[in-house]
Amino acid sequence: MLQAPEKFQMFIANRFEPGLSGEQVPVLNPSTGAVFAQIPRGNAADIDRAVRAARAAFDGEGCAQGPWGRTTATERGRLLMKLSEAVLRDQELLALLEARDCGKPLKQARADALALARYFEFYAGAADKLHGQTLPYQNGFTVMTIREPHGVTGHIIPWNYPMQIFGRSVGASLAVGNACVVKPAEDACLSLLHVARLAAEVGLPPGALNIVTGLGSEAGQALSDHPGIDHISFTGSPETGRRVSQSAAAHYCPVTLELGGKSPQLVFADADLDAAVPVLVNAIIQNAGQTCSAGSRVLVEASLHERLLERLAAQFERLRAGPAEQDLDLGPLVNRKQQQRVWDFLSDAQGSGIGFAAQGSVIETAPEAGFYQAPVLLDNVPAEHRLAQEEIFGPVLAVTRFRDEQEALRIANGTDYGLVAGVWTREGARQFRLARQLRAGQVFINNYGAGGGVELPFGGTGKSGHGREKGFEALYGFTQLKTVALRHD
Ligand code: TXE
């Protein structure tokens, strides 16, 4: 018997609510293509209610601060620590929700839940360690700087790593005392609604965290337009990022943008291939290539090309994609649109005579209506071709040859993006030279962290966006600096 789709609700001021329009958005399981849940189709009025709840938590009435605005840094740290523990307790449930909602293999979904707990833990510890300074000035003055929260922050979260991106942005923002309004992606919000339940359970006051579900063009747009929002952090496509920036600019709202990349890994002839090959492969198949920091280009020194290609091809041939719960190398892509996008790039490769050097497979029992894509290794992709220039966001790795270090650098820096880069070489001076010259927010030498750990600042340049999230650095972005000059002579 067919089960009716489960109905989820949005979260405003610590209450789950259906949304004012009463309309729903269907939620598909990417592993089967079937609808299994519904979420409220939030609109501008729902966003407005959420912003008001957040403002009441932060500002309170009249001149008094609200219950969240009044919390001390230590209290916020303790709450975040409790939230981290609650996430760990419910890790398996969160992983199952995420696997069903986004198609992630279970081990990836579990790792994401663990990372979410780790973000809350990290920012719990950081909450009361964000200091201002005292500054030398004229005689008879004491001058200090104070880091203050923006007030109410908006968070537009994509579907590829909902828990991790929520953790890095909402965790840091709550730690410094902002109240948050979150608009998760329509394709992936169920795990975050459970985290909201946990936030209320551990004692976050009503309005400190609000989640409005719905479509990007409606709820997301309304959030970026809302004048009650004091800062927006957005992760998603460059096109939507630009639109969000334009809307925010209309009310002078600062924006942090993380817009993905076309991250290169440079492999020189002296590289340790045993160490490099599994990392190169994982950097493109993790989350089926739907990772902003995916290592989607391998640039290889010509003399190593044949040997490296052989080893990459051998690994690609063994990769298998299948339903999330089977926990194979890859799950499905998130939706039909993403699958079509990858197909378009691959047919372009065929049309341009770019060779498929190797392909993995989709297991035979995978449901036909699921959004599967076998991993593909493309060889000799010209550096100017759109396959080497544009973000595919699927399990497609483009290999391009270079003659020498200068050419490698030119190709690596030759896209509009600049998020992450990897370098594989044993030569020390070259490691340093490239670390300095590569246009990227993160450079990994003889490893590749796909964004790195919770502790490492992350963000890009150019079309990859601006601002830094993660690590202690994120706390600066979620605060503004006030200078106080006190005259006492
Ligand atoms: O992104 P969108 P899409 C890239 C990746 C992918 C492509 C398209 O290349 O193939 O973008 O994905 C919300 N105002 N990345 O179409 O539209 C939307 O609801 C405010 C890279 O899914 O940018 C979702 O919550 N918000 C990336 C979020 O924006 C709006 C992760 C992202 O959706 C909005 C995802 C609007 N007008 C995609 N329209 C990364 N950097 O990791 C949509 N949204």
# chains A, B, ... in the order shown; residues from 1 in each chain; ligands from 1
$ residues_around --residues "Leu209 in chain A" --least-positions-apart "5" --cutoff "7 Å" --atoms "only C-alpha atoms" --output "PyMOL selection string"
chain A and resi 179-181
$ residues_near_ligand --ligand "ligand 1" --cutoff "6 Å" --atoms "only C-alpha atoms and all ligand atoms" --output "MDAnalysis selection string"
chainID A and resid 156:158 160 184:186 215:217 220:221 235:237 240 244 258:260 291:292 338 391:393
$ write_last_selection --atoms "N, CA, C and O atoms" --output "mmCIF file, in the first residue's frame"
data_model
loop_
_atom_site.group_PDB
_atom_site.id
_atom_site.type_symbol
_atom_site.label_atom_id
_atom_site.label_comp_id
_atom_site.auth_asym_id
_atom_site.auth_seq_id
_atom_site.Cartn_x
_atom_site.Cartn_y
_atom_site.Cartn_z
ATOM 1 N N ILE A 156 20.796 31.477 3.620
ATOM 2 C CA ILE A 156 20.192 30.735 2.500
ATOM 3 C C ILE A 156 21.105 29.544 2.224
ATOM 4 O O ILE A 156 22.284 29.702 1.879
ATOM 5 N N ILE A 157 20.554 28.357 2.453
ATOM 6 C CA ILE A 157 21.361 27.127 2.491
ATOM 7 C C ILE A 157 21.055 26.298 1.238
ATOM 8 O O ILE A 157 19.889 26.128 0.893
ATOM 9 N N PRO A 158 22.076 25.738 0.595
ATOM 10 C CA PRO A 158 21.819 24.890 -0.582
ATOM 11 C C PRO A 158 21.525 23.449 -0.167
ATOM 12 O O PRO A 158 21.521 23.119 1.015
ATOM 13 N N ASN A 160 23.302 20.671 -1.155
ATOM 14 C CA ASN A 160 24.369 19.655 -1.264
ATOM 15 C C ASN A 160 24.916 19.202 0.089
ATOM 16 O O ASN A 160 25.202 18.033 0.270
ATOM 17 N N PRO A 184 16.218 27.002 4.035
ATOM 18 C CA PRO A 184 16.943 25.868 3.449
ATOM 19 C C PRO A 184 16.489 25.640 2.017
ATOM 20 O O PRO A 184 15.458 26.165 1.589
ATOM 21 N N ALA A 185 17.242 24.830 1.288
ATOM 22 C CA ALA A 185 16.855 24.526 -0.095
ATOM 23 C C ALA A 185 15.583 23.675 -0.098
ATOM 24 O O ALA A 185 15.380 22.846 0.784
ATOM 25 N N GLU A 186 14.755 23.875 -1.093
ATOM 26 C CA GLU A 186 13.500 23.111 -1.186
ATOM 27 C C GLU A 186 13.771 21.613 -1.323
ATOM 28 O O GLU A 186 12.939 20.788 -0.975
ATOM 29 N N LEU A 215 10.225 27.773 -1.669
ATOM 30 C CA LEU A 215 11.000 27.897 -2.899
ATOM 31 C C LEU A 215 11.972 29.067 -2.815
ATOM 32 O O LEU A 215 11.690 30.089 -2.168
ATOM 33 N N GLY A 216 13.086 28.933 -3.542
ATOM 34 C CA GLY A 216 14.071 30.004 -3.548
ATOM 35 C C GLY A 216 13.503 31.304 -4.089
ATOM 36 O O GLY A 216 13.729 32.377 -3.531
ATOM 37 N N SER A 217 12.748 31.184 -5.178
ATOM 38 C CA SER A 217 12.242 32.394 -5.832
ATOM 39 C C SER A 217 11.180 33.101 -4.994
ATOM 40 O O SER A 217 10.883 34.271 -5.238
ATOM 41 N N GLY A 220 13.113 32.486 -0.451
ATOM 42 C CA GLY A 220 14.511 32.941 -0.486
ATOM 43 C C GLY A 220 14.601 34.395 -0.910
ATOM 44 O O GLY A 220 15.306 35.205 -0.303
ATOM 45 N N GLN A 221 13.854 34.719 -1.959
ATOM 46 C CA GLN A 221 13.862 36.101 -2.451
ATOM 47 C C GLN A 221 13.338 37.052 -1.369
ATOM 48 O O GLN A 221 13.900 38.123 -1.131
ATOM 49 N N THR A 235 24.967 30.439 0.195
ATOM 50 C CA THR A 235 25.775 29.441 -0.521
ATOM 51 C C THR A 235 24.904 28.873 -1.631
ATOM 52 O O THR A 235 23.785 28.421 -1.372
ATOM 53 N N GLY A 236 25.396 28.910 -2.840
ATOM 54 C CA GLY A 236 24.611 28.425 -3.972
ATOM 55 C C GLY A 236 25.284 28.804 -5.271
ATOM 56 O O GLY A 236 26.514 28.901 -5.355
ATOM 57 N N SER A 237 24.477 29.041 -6.299
ATOM 58 C CA SER A 237 25.019 29.311 -7.633
ATOM 59 C C SER A 237 25.425 30.785 -7.769
ATOM 60 O O SER A 237 24.856 31.654 -7.092
ATOM 61 N N THR A 240 22.276 33.034 -8.644
ATOM 62 C CA THR A 240 21.391 33.376 -7.523
ATOM 63 C C THR A 240 22.141 34.248 -6.515
ATOM 64 O O THR A 240 21.560 35.170 -5.936
ATOM 65 N N VAL A 244 20.822 37.703 -4.958
ATOM 66 C CA VAL A 244 20.697 37.924 -3.504
ATOM 67 C C VAL A 244 21.472 39.192 -3.114
ATOM 68 O O VAL A 244 20.985 40.033 -2.352
ATOM 69 N N GLU A 258 29.219 32.223 -0.986
ATOM 70 C CA GLU A 258 30.068 31.076 -1.337
ATOM 71 C C GLU A 258 29.399 30.413 -2.529
ATOM 72 O O GLU A 258 28.309 29.862 -2.418
ATOM 73 N N LEU A 259 30.054 30.510 -3.692
ATOM 74 C CA LEU A 259 29.364 30.220 -4.952
ATOM 75 C C LEU A 259 29.977 29.075 -5.755
ATOM 76 O O LEU A 259 29.802 28.988 -6.964
ATOM 77 N N GLY A 260 30.739 28.231 -5.073
ATOM 78 C CA GLY A 260 31.265 27.067 -5.783
ATOM 79 C C GLY A 260 32.561 27.348 -6.522
ATOM 80 O O GLY A 260 33.192 28.392 -6.332
ATOM 81 N N THR A 291 29.815 19.088 -4.741
ATOM 82 C CA THR A 291 30.562 19.708 -3.644
ATOM 83 C C THR A 291 31.175 20.980 -4.188
ATOM 84 O O THR A 291 31.812 20.948 -5.248
ATOM 85 N N CYS A 292 30.983 22.097 -3.459
ATOM 86 C CA CYS A 292 31.494 23.374 -3.974
ATOM 87 C C CYS A 292 32.996 23.316 -4.189
ATOM 88 O O CYS A 292 33.518 23.881 -5.131
ATOM 89 N N GLN A 338 19.523 18.613 -11.854
ATOM 90 C CA GLN A 338 20.961 18.420 -11.705
ATOM 91 C C GLN A 338 21.437 17.301 -12.635
ATOM 92 O O GLN A 338 22.505 17.395 -13.245
ATOM 93 N N GLU A 391 31.362 25.033 -13.627
ATOM 94 C CA GLU A 391 31.079 24.051 -12.584
ATOM 95 C C GLU A 391 30.015 23.075 -13.105
ATOM 96 O O GLU A 391 28.919 23.500 -13.463
ATOM 97 N N ILE A 392 30.365 21.790 -13.138
ATOM 98 C CA ILE A 392 29.401 20.783 -13.610
ATOM 99 C C ILE A 392 28.523 20.346 -12.439
ATOM 100 O O ILE A 392 27.337 20.163 -12.563
ATOM 101 N N PHE A 393 29.138 20.163 -11.279
ATOM 102 C CA PHE A 393 28.439 19.719 -10.072
ATOM 103 C C PHE A 393 27.896 18.299 -10.243
ATOM 104 O O PHE A 393 26.741 18.000 -9.963
#
$ closest_residue --among "A:Arg76, A:Ala86, A:Ala34, A:Ala13" --to "Ala53 in chain A" --atoms "only C-alpha atoms"
A:Ala13
$ select_by_dssp --residues "range 334-478 of chain A" --states "helix (DSSP H, G or I)" --output "PyMOL selection string"
chain A and resi 336-351+386-389+405-412+428-437+462-464+473-477
$ write_last_selection --atoms "N, CA and C atoms" --output "tab-separated table (two decimals), in the first residue's frame"
chain	number	residue	atom	x	y	z
A	336	ARG	N	16.22	15.96	-10.80
A	336	ARG	CA	16.23	15.78	-12.27
A	336	ARG	C	17.00	16.93	-12.94
A	337	LYS	N	16.85	18.14	-12.41
A	337	LYS	CA	17.51	19.30	-13.01
A	337	LYS	C	19.04	19.12	-12.98
A	338	GLN	N	19.52	18.61	-11.85
A	338	GLN	CA	20.96	18.42	-11.70
A	338	GLN	C	21.44	17.30	-12.63
A	339	GLN	N	20.62	16.26	-12.76
A	339	GLN	CA	20.97	15.15	-13.65
A	339	GLN	C	21.03	15.63	-15.10
A	340	GLN	N	20.05	16.45	-15.48
A	340	GLN	CA	20.01	16.98	-16.84
A	340	GLN	C	21.23	17.87	-17.11
A	341	ARG	N	21.62	18.64	-16.07
A	341	ARG	CA	22.77	19.53	-16.21
A	341	ARG	C	24.03	18.71	-16.53
A	342	VAL	N	24.21	17.60	-15.80
A	342	VAL	CA	25.40	16.76	-16.03
A	342	VAL	C	25.32	16.13	-17.42
A	343	TRP	N	24.15	15.65	-17.79
A	343	TRP	CA	23.99	15.07	-19.14
A	343	TRP	C	24.36	16.09	-20.22
A	344	ASP	N	23.94	17.33	-20.04
A	344	ASP	CA	24.24	18.36	-21.04
A	344	ASP	C	25.75	18.54	-21.20
A	345	PHE	N	26.46	18.57	-20.07
A	345	PHE	CA	27.92	18.71	-20.15
A	345	PHE	C	28.53	17.50	-20.85
A	346	LEU	N	28.03	16.30	-20.52
A	346	LEU	CA	28.62	15.09	-21.11
A	346	LEU	C	28.34	15.00	-22.61
A	347	SER	N	27.15	15.46	-23.02
A	347	SER	CA	26.90	15.39	-24.47
A	347	SER	C	27.73	16.45	-25.18
A	348	ASP	N	28.02	17.53	-24.50
A	348	ASP	CA	28.94	18.53	-25.05
A	348	ASP	C	30.33	17.91	-25.23
A	349	ALA	N	30.76	17.11	-24.25
A	349	ALA	CA	32.07	16.45	-24.35
A	349	ALA	C	32.09	15.56	-25.59
A	350	GLN	N	31.02	14.79	-25.76
A	350	GLN	CA	30.98	13.88	-26.92
A	350	GLN	C	30.99	14.67	-28.23
A	351	GLY	N	30.20	15.75	-28.23
A	351	GLY	CA	30.13	16.58	-29.43
A	351	GLY	C	31.47	17.24	-29.76
A	386	ARG	N	34.36	24.65	-22.00
A	386	ARG	CA	33.48	24.88	-20.86
A	386	ARG	C	33.53	23.74	-19.84
A	387	LEU	N	33.94	22.53	-20.29
A	387	LEU	CA	34.09	21.43	-19.34
A	387	LEU	C	35.23	21.67	-18.35
A	388	ALA	N	36.16	22.54	-18.74
A	388	ALA	CA	37.27	22.88	-17.84
A	388	ALA	C	37.08	24.27	-17.23
A	389	GLN	N	36.00	24.93	-17.58
A	389	GLN	CA	35.78	26.29	-17.12
A	389	GLN	C	34.58	26.43	-16.19
A	405	GLU	N	55.72	24.37	-14.86
A	405	GLU	CA	55.03	25.00	-13.72
A	405	GLU	C	54.27	26.26	-14.14
A	406	GLN	N	54.88	27.03	-15.01
A	406	GLN	CA	54.24	28.28	-15.44
A	406	GLN	C	52.92	28.02	-16.14
A	407	GLU	N	52.96	27.01	-17.02
A	407	GLU	CA	51.73	26.70	-17.74
A	407	GLU	C	50.68	26.13	-16.77
A	408	ALA	N	51.15	25.32	-15.82
A	408	ALA	CA	50.22	24.75	-14.83
A	408	ALA	C	49.51	25.88	-14.08
A	409	LEU	N	50.28	26.87	-13.68
A	409	LEU	CA	49.71	28.00	-12.92
A	409	LEU	C	48.73	28.80	-13.78
A	410	ARG	N	49.12	28.99	-15.03
A	410	ARG	CA	48.24	29.76	-15.93
A	410	ARG	C	46.90	29.04	-16.12
A	411	ILE	N	46.96	27.74	-16.31
A	411	ILE	CA	45.70	26.98	-16.50
A	411	ILE	C	44.90	26.97	-15.19
A	412	ALA	N	45.62	26.72	-14.09
A	412	ALA	CA	44.92	26.63	-12.79
A	412	ALA	C	44.18	27.94	-12.49
A	428	GLY	N	60.01	21.40	-2.31
A	428	GLY	CA	59.59	22.37	-1.29
A	428	GLY	C	59.37	23.77	-1.82
A	429	ALA	N	60.33	24.27	-2.60
A	429	ALA	CA	60.21	25.67	-3.06
A	429	ALA	C	58.98	25.80	-3.96
A	430	ARG	N	58.72	24.78	-4.76
A	430	ARG	CA	57.55	24.83	-5.66
A	430	ARG	C	56.26	24.83	-4.84
A	431	GLN	N	56.27	24.07	-3.77
A	431	GLN	CA	55.07	24.04	-2.90
A	431	GLN	C	54.74	25.45	-2.42
A	432	PHE	N	55.78	26.15	-1.96
A	432	PHE	CA	55.55	27.51	-1.44
A	432	PHE	C	55.16	28.48	-2.56
A	433	ARG	N	55.92	28.39	-3.68
A	433	ARG	CA	55.62	29.30	-4.80
A	433	ARG	C	54.15	29.19	-5.21
A	434	LEU	N	53.72	27.94	-5.38
A	434	LEU	CA	52.34	27.75	-5.87
A	434	LEU	C	51.32	28.12	-4.79
A	435	ALA	N	51.64	27.80	-3.56
A	435	ALA	CA	50.71	28.17	-2.48
A	435	ALA	C	50.44	29.68	-2.52
A	436	ARG	N	51.49	30.45	-2.84
A	436	ARG	CA	51.31	31.90	-2.88
A	436	ARG	C	50.65	32.37	-4.16
A	437	GLN	N	50.92	31.68	-5.28
A	437	GLN	CA	50.48	32.21	-6.58
A	437	GLN	C	49.11	31.70	-7.03
A	462	GLY	N	36.56	36.06	-6.75
A	462	GLY	CA	35.94	36.09	-8.08
A	462	GLY	C	34.55	35.47	-8.04
A	463	LYS	N	34.28	34.62	-9.04
A	463	LYS	CA	32.95	34.01	-9.17
A	463	LYS	C	32.66	33.01	-8.03
A	464	SER	N	33.68	32.65	-7.25
A	464	SER	CA	33.47	31.77	-6.10
A	464	SER	C	32.88	32.52	-4.91
A	473	GLU	N	37.66	32.65	12.00
A	473	GLU	CA	37.51	33.78	11.08
A	473	GLU	C	36.03	34.12	10.84
A	474	ALA	N	35.18	33.11	10.81
A	474	ALA	CA	33.75	33.34	10.53
A	474	ALA	C	33.14	34.30	11.54
A	475	LEU	N	33.66	34.27	12.76
A	475	LEU	CA	33.06	35.10	13.81
A	475	LEU	C	33.21	36.59	13.47
A	476	TYR	N	34.27	36.92	12.75
A	476	TYR	CA	34.44	38.33	12.36
A	476	TYR	C	33.35	38.75	11.37
A	477	GLY	N	33.03	37.85	10.46
A	477	GLY	CA	32.01	38.16	9.46
A	477	GLY	C	30.62	38.32	10.07
$ closest_atom_pairs --of "range 232-296 of chain A" --to "range 370-374 of chain A" --cutoff "12 Å" --atoms "only C-alpha atoms" --output "JSON lines"
{"residue": "A:Ile285", "atom": "CA", "partner": "A:Ala374", "partner_atom": "CA", "distance": 9.8}
{"residue": "A:Asn287", "atom": "CA", "partner": "A:Gln373", "partner_atom": "CA", "distance": 11.8}
{"residue": "A:Ala288", "atom": "CA", "partner": "A:Gln373", "partner_atom": "CA", "distance": 8.2}
{"residue": "A:Gly289", "atom": "CA", "partner": "A:Gln373", "partner_atom": "CA", "distance": 10.2}
{"residue": "A:Gln290", "atom": "CA", "partner": "A:Gln373", "partner_atom": "CA", "distance": 11.7}
$ residues_around --residues "Asn139 in chain A" --least-positions-apart "3" --cutoff "9 Å" --atoms "only C-alpha atoms" --output "list in words"
Pro136, Thr142, Arg487 and Asp489 of chain A
$ closest_atom_pairs --of "range 159-273 of chain A" --to "range 117-129 of chain A" --cutoff "12 Å" --atoms "only C-alpha atoms" --output "JSON lines"
{"residue": "A:Met163", "atom": "CA", "partner": "A:Ala117", "partner_atom": "CA", "distance": 9.2}
{"residue": "A:Gln164", "atom": "CA", "partner": "A:Tyr119", "partner_atom": "CA", "distance": 7.9}
{"residue": "A:Ile165", "atom": "CA", "partner": "A:Tyr119", "partner_atom": "CA", "distance": 9.5}
{"residue": "A:Phe166", "atom": "CA", "partner": "A:Tyr119", "partner_atom": "CA", "distance": 9.1}
{"residue": "A:Gly167", "atom": "CA", "partner": "A:Tyr119", "partner_atom": "CA", "distance": 5.3}
{"residue": "A:Arg168", "atom": "CA", "partner": "A:Tyr119", "partner_atom": "CA", "distance": 5.9}
{"residue": "A:Ser169", "atom": "CA", "partner": "A:Tyr119", "partner_atom": "CA", "distance": 9.1}
{"residue": "A:Val170", "atom": "CA", "partner": "A:Phe120", "partner_atom": "CA", "distance": 8.9}
{"residue": "A:Gly171", "atom": "CA", "partner": "A:Phe120", "partner_atom": "CA", "distance": 5.5}
{"residue": "A:Ala172", "atom": "CA", "partner": "A:Tyr123", "partner_atom": "CA", "distance": 5.7}
{"residue": "A:Ser173", "atom": "CA", "partner": "A:Tyr123", "partner_atom": "CA", "distance": 8.9}
{"residue": "A:Leu174", "atom": "CA", "partner": "A:Tyr123", "partner_atom": "CA", "distance": 8.6}
{"residue": "A:Ala175", "atom": "CA", "partner": "A:Ala127", "partner_atom": "CA", "distance": 5.0}
{"residue": "A:Val176", "atom": "CA", "partner": "A:Ala127", "partner_atom": "CA", "distance": 6.1}
{"residue": "A:Gly177", "atom": "CA", "partner": "A:Ala127", "partner_atom": "CA", "distance": 8.7}
{"residue": "A:Asn178", "atom": "CA", "partner": "A:Ala127", "partner_atom": "CA", "distance": 11.7}
{"residue": "A:Val195", "atom": "CA", "partner": "A:Ala117", "partner_atom": "CA", "distance": 10.3}
{"residue": "A:Leu198", "atom": "CA", "partner": "A:Ala117", "partner_atom": "CA", "distance": 11.7}
{"residue": "A:Ala199", "atom": "CA", "partner": "A:Phe120", "partner_atom": "CA", "distance": 11.1}
$ write_last_selection --atoms "N, CA and C atoms" --output "tab-separated table (two decimals), in the first residue's frame"
chain	number	residue	atom	x	y	z
A	163	MET	N	23.38	20.04	6.38
A	163	MET	CA	23.80	20.08	7.79
A	163	MET	C	25.12	20.80	7.97
A	164	GLN	N	26.07	20.54	7.09
A	164	GLN	CA	27.39	21.17	7.26
A	164	GLN	C	27.31	22.68	7.06
A	165	ILE	N	26.54	23.09	6.06
A	165	ILE	CA	26.50	24.53	5.76
A	165	ILE	C	25.68	25.27	6.81
A	166	PHE	N	24.64	24.62	7.31
A	166	PHE	CA	23.89	25.17	8.44
A	166	PHE	C	24.83	25.32	9.65
A	167	GLY	N	25.61	24.28	9.93
A	167	GLY	CA	26.51	24.31	11.09
A	167	GLY	C	27.51	25.44	11.00
A	168	ARG	N	28.11	25.60	9.83
A	168	ARG	CA	29.18	26.59	9.73
A	168	ARG	C	28.62	28.01	9.79
A	169	SER	N	27.41	28.22	9.25
A	169	SER	CA	26.95	29.59	9.22
A	169	SER	C	26.04	29.91	10.41
A	170	VAL	N	25.08	29.07	10.71
A	170	VAL	CA	24.19	29.36	11.84
A	170	VAL	C	24.94	29.18	13.16
A	171	GLY	N	25.82	28.16	13.23
A	171	GLY	CA	26.60	27.94	14.46
A	171	GLY	C	27.41	29.18	14.82
A	172	ALA	N	28.12	29.73	13.83
A	172	ALA	CA	28.97	30.90	14.10
A	172	ALA	C	28.11	32.12	14.42
A	173	SER	N	27.00	32.27	13.73
A	173	SER	CA	26.17	33.45	13.92
A	173	SER	C	25.51	33.45	15.30
A	174	LEU	N	24.99	32.29	15.72
A	174	LEU	CA	24.39	32.20	17.05
A	174	LEU	C	25.45	32.43	18.14
A	175	ALA	N	26.66	31.91	17.91
A	175	ALA	CA	27.71	32.02	18.93
A	175	ALA	C	27.97	33.47	19.30
A	176	VAL	N	27.91	34.37	18.31
A	176	VAL	CA	28.22	35.78	18.61
A	176	VAL	C	26.97	36.57	18.95
A	177	GLY	N	25.81	35.90	18.99
A	177	GLY	CA	24.62	36.55	19.52
A	177	GLY	C	23.59	37.03	18.53
A	178	ASN	N	23.76	36.70	17.24
A	178	ASN	CA	22.71	37.05	16.28
A	178	ASN	C	21.52	36.11	16.42
A	195	VAL	N	16.95	19.62	13.50
A	195	VAL	CA	17.90	20.39	14.32
A	195	VAL	C	17.16	21.52	15.04
A	198	LEU	N	15.73	20.22	18.08
A	198	LEU	CA	16.76	20.04	19.11
A	198	LEU	C	17.12	21.38	19.76
A	199	ALA	N	17.14	22.44	18.95
A	199	ALA	CA	17.49	23.77	19.48
A	199	ALA	C	16.47	24.19	20.53
$ residues_around --residues "Arg110 in chain A" --least-positions-apart "2" --cutoff "8 Å" --atoms "only C-alpha atoms" --output "JSON list (two decimals) with all heavy atoms, in the first residue's frame"
[["chain", "number", "residue", "atom", "x", "y", "z"],
["A", 91, "GLN", "N", 22.38, 11.44, 15.82],
["A", 91, "GLN", "CA", 23.17, 11.37, 14.58],
["A", 91, "GLN", "C", 22.56, 10.41, 13.56],
["A", 91, "GLN", "O", 22.45, 10.73, 12.37],
["A", 91, "GLN", "CB", 24.60, 10.94, 14.90],
["A", 91, "GLN", "CG", 25.50, 10.91, 13.67],
["A", 91, "GLN", "CD", 26.81, 10.19, 13.94],
["A", 91, "GLN", "OE1", 27.07, 9.74, 15.04],
["A", 91, "GLN", "NE2", 27.64, 10.09, 12.91],
["A", 92, "GLU", "N", 22.13, 9.25, 14.02],
["A", 92, "GLU", "CA", 21.64, 8.24, 13.08],
["A", 92, "GLU", "C", 20.33, 8.70, 12.42],
["A", 92, "GLU", "O", 20.15, 8.56, 11.21],
["A", 92, "GLU", "CB", 21.47, 6.91, 13.82],
["A", 92, "GLU", "CG", 21.29, 5.72, 12.91],
["A", 92, "GLU", "CD", 22.45, 5.49, 11.92],
["A", 92, "GLU", "OE1", 23.57, 5.99, 12.14],
["A", 92, "GLU", "OE2", 22.19, 4.83, 10.89],
["A", 94, "LEU", "N", 19.35, 11.80, 12.01],
["A", 94, "LEU", "CA", 19.69, 12.89, 11.08],
["A", 94, "LEU", "C", 20.28, 12.33, 9.79],
["A", 94, "LEU", "O", 19.94, 12.79, 8.69],
["A", 94, "LEU", "CB", 20.69, 13.85, 11.74],
["A", 94, "LEU", "CG", 20.08, 14.77, 12.81],
["A", 94, "LEU", "CD1", 21.17, 15.40, 13.68],
["A", 94, "LEU", "CD2", 19.25, 15.86, 12.14],
["A", 95, "ALA", "N", 21.13, 11.33, 9.93],
["A", 95, "ALA", "CA", 21.77, 10.75, 8.74],
["A", 95, "ALA", "C", 20.73, 10.08, 7.84],
["A", 95, "ALA", "O", 20.76, 10.22, 6.61],
["A", 95, "ALA", "CB", 22.85, 9.75, 9.16],
["A", 106, "LEU", "N", 24.83, 6.59, 3.10],
["A", 106, "LEU", "CA", 24.70, 6.76, 4.56],
["A", 106, "LEU", "C", 25.99, 7.19, 5.24],
["A", 106, "LEU", "O", 25.96, 8.00, 6.16],
["A", 106, "LEU", "CB", 24.21, 5.45, 5.17],
["A", 106, "LEU", "CG", 22.68, 5.32, 5.18],
["A", 106, "LEU", "CD1", 22.28, 3.91, 5.60],
["A", 106, "LEU", "CD2", 22.07, 6.35, 6.14],
["A", 107, "LYS", "N", 27.14, 6.67, 4.75],
["A", 107, "LYS", "CA", 28.38, 7.05, 5.46],
["A", 107, "LYS", "C", 28.66, 8.55, 5.31],
["A", 107, "LYS", "O", 29.14, 9.19, 6.22],
["A", 107, "LYS", "CB", 29.58, 6.20, 5.04],
["A", 107, "LYS", "CG", 29.90, 6.18, 3.56],
["A", 107, "LYS", "CD", 31.14, 5.29, 3.34],
["A", 107, "LYS", "CE", 31.44, 5.07, 1.88],
["A", 107, "LYS", "NZ", 30.44, 4.35, 1.09],
["A", 108, "GLN", "N", 28.30, 9.10, 4.15],
["A", 108, "GLN", "CA", 28.47, 10.55, 3.95],
["A", 108, "GLN", "C", 27.48, 11.32, 4.84],
["A", 108, "GLN", "O", 27.83, 12.32, 5.45],
["A", 108, "GLN", "CB", 28.24, 10.90, 2.48],
["A", 108, "GLN", "CG", 28.26, 12.39, 2.17],
["A", 108, "GLN", "CD", 29.64, 13.00, 2.30],
["A", 108, "GLN", "OE1", 30.58, 12.52, 1.69],
["A", 108, "GLN", "NE2", 29.78, 14.04, 3.12],
["A", 112, "ASP", "N", 28.30, 13.97, 7.75],
["A", 112, "ASP", "CA", 27.75, 15.33, 7.77],
["A", 112, "ASP", "C", 27.12, 15.66, 9.12],
["A", 112, "ASP", "O", 27.25, 16.77, 9.64],
["A", 112, "ASP", "CB", 26.70, 15.50, 6.67],
["A", 112, "ASP", "CG", 27.33, 15.60, 5.28],
["A", 112, "ASP", "OD1", 28.56, 15.45, 5.17],
["A", 112, "ASP", "OD2", 26.59, 15.83, 4.31],
["A", 113, "ALA", "N", 26.43, 14.68, 9.72],
["A", 113, "ALA", "CA", 25.82, 14.90, 11.03],
["A", 113, "ALA", "C", 26.92, 15.12, 12.08],
["A", 113, "ALA", "O", 26.81, 15.99, 12.95],
["A", 113, "ALA", "CB", 24.94, 13.73, 11.42],
["A", 114, "LEU", "N", 27.98, 14.35, 11.93],
["A", 114, "LEU", "CA", 29.12, 14.50, 12.86],
["A", 114, "LEU", "C", 29.75, 15.88, 12.69],
["A", 114, "LEU", "O", 30.12, 16.54, 13.68],
["A", 114, "LEU", "CB", 30.15, 13.42, 12.51],
["A", 114, "LEU", "CG", 31.02, 12.89, 13.63],
["A", 114, "LEU", "CD1", 30.16, 12.34, 14.76],
["A", 114, "LEU", "CD2", 31.93, 11.78, 13.08]]
$ residues_around --residues "range 45-47 of chain A" --least-positions-apart "5" --cutoff "8 Å" --atoms "only C-alpha atoms" --output "ChimeraX atom specification"
/A:19-20,212,219,222-223
$ select_by_dssp --residues "range 123-245 of chain A" --states "strand (DSSP E or B)" --output "ChimeraX atom specification"
/A:134-135,141-149,152-156,179-183,185,188,209-211,231-235
$ closest_residue --among "A:Ala248, A:Leu419, A:Ile12, A:Leu266" --to "His305 in chain A" --atoms "only C-alpha atoms"
A:Leu266
$ closest_residue --among "A:Glu427, A:Asp101, A:Glu61, A:Glu364" --to "Val27 in chain A" --atoms "only C-alpha atoms"
A:Asp101
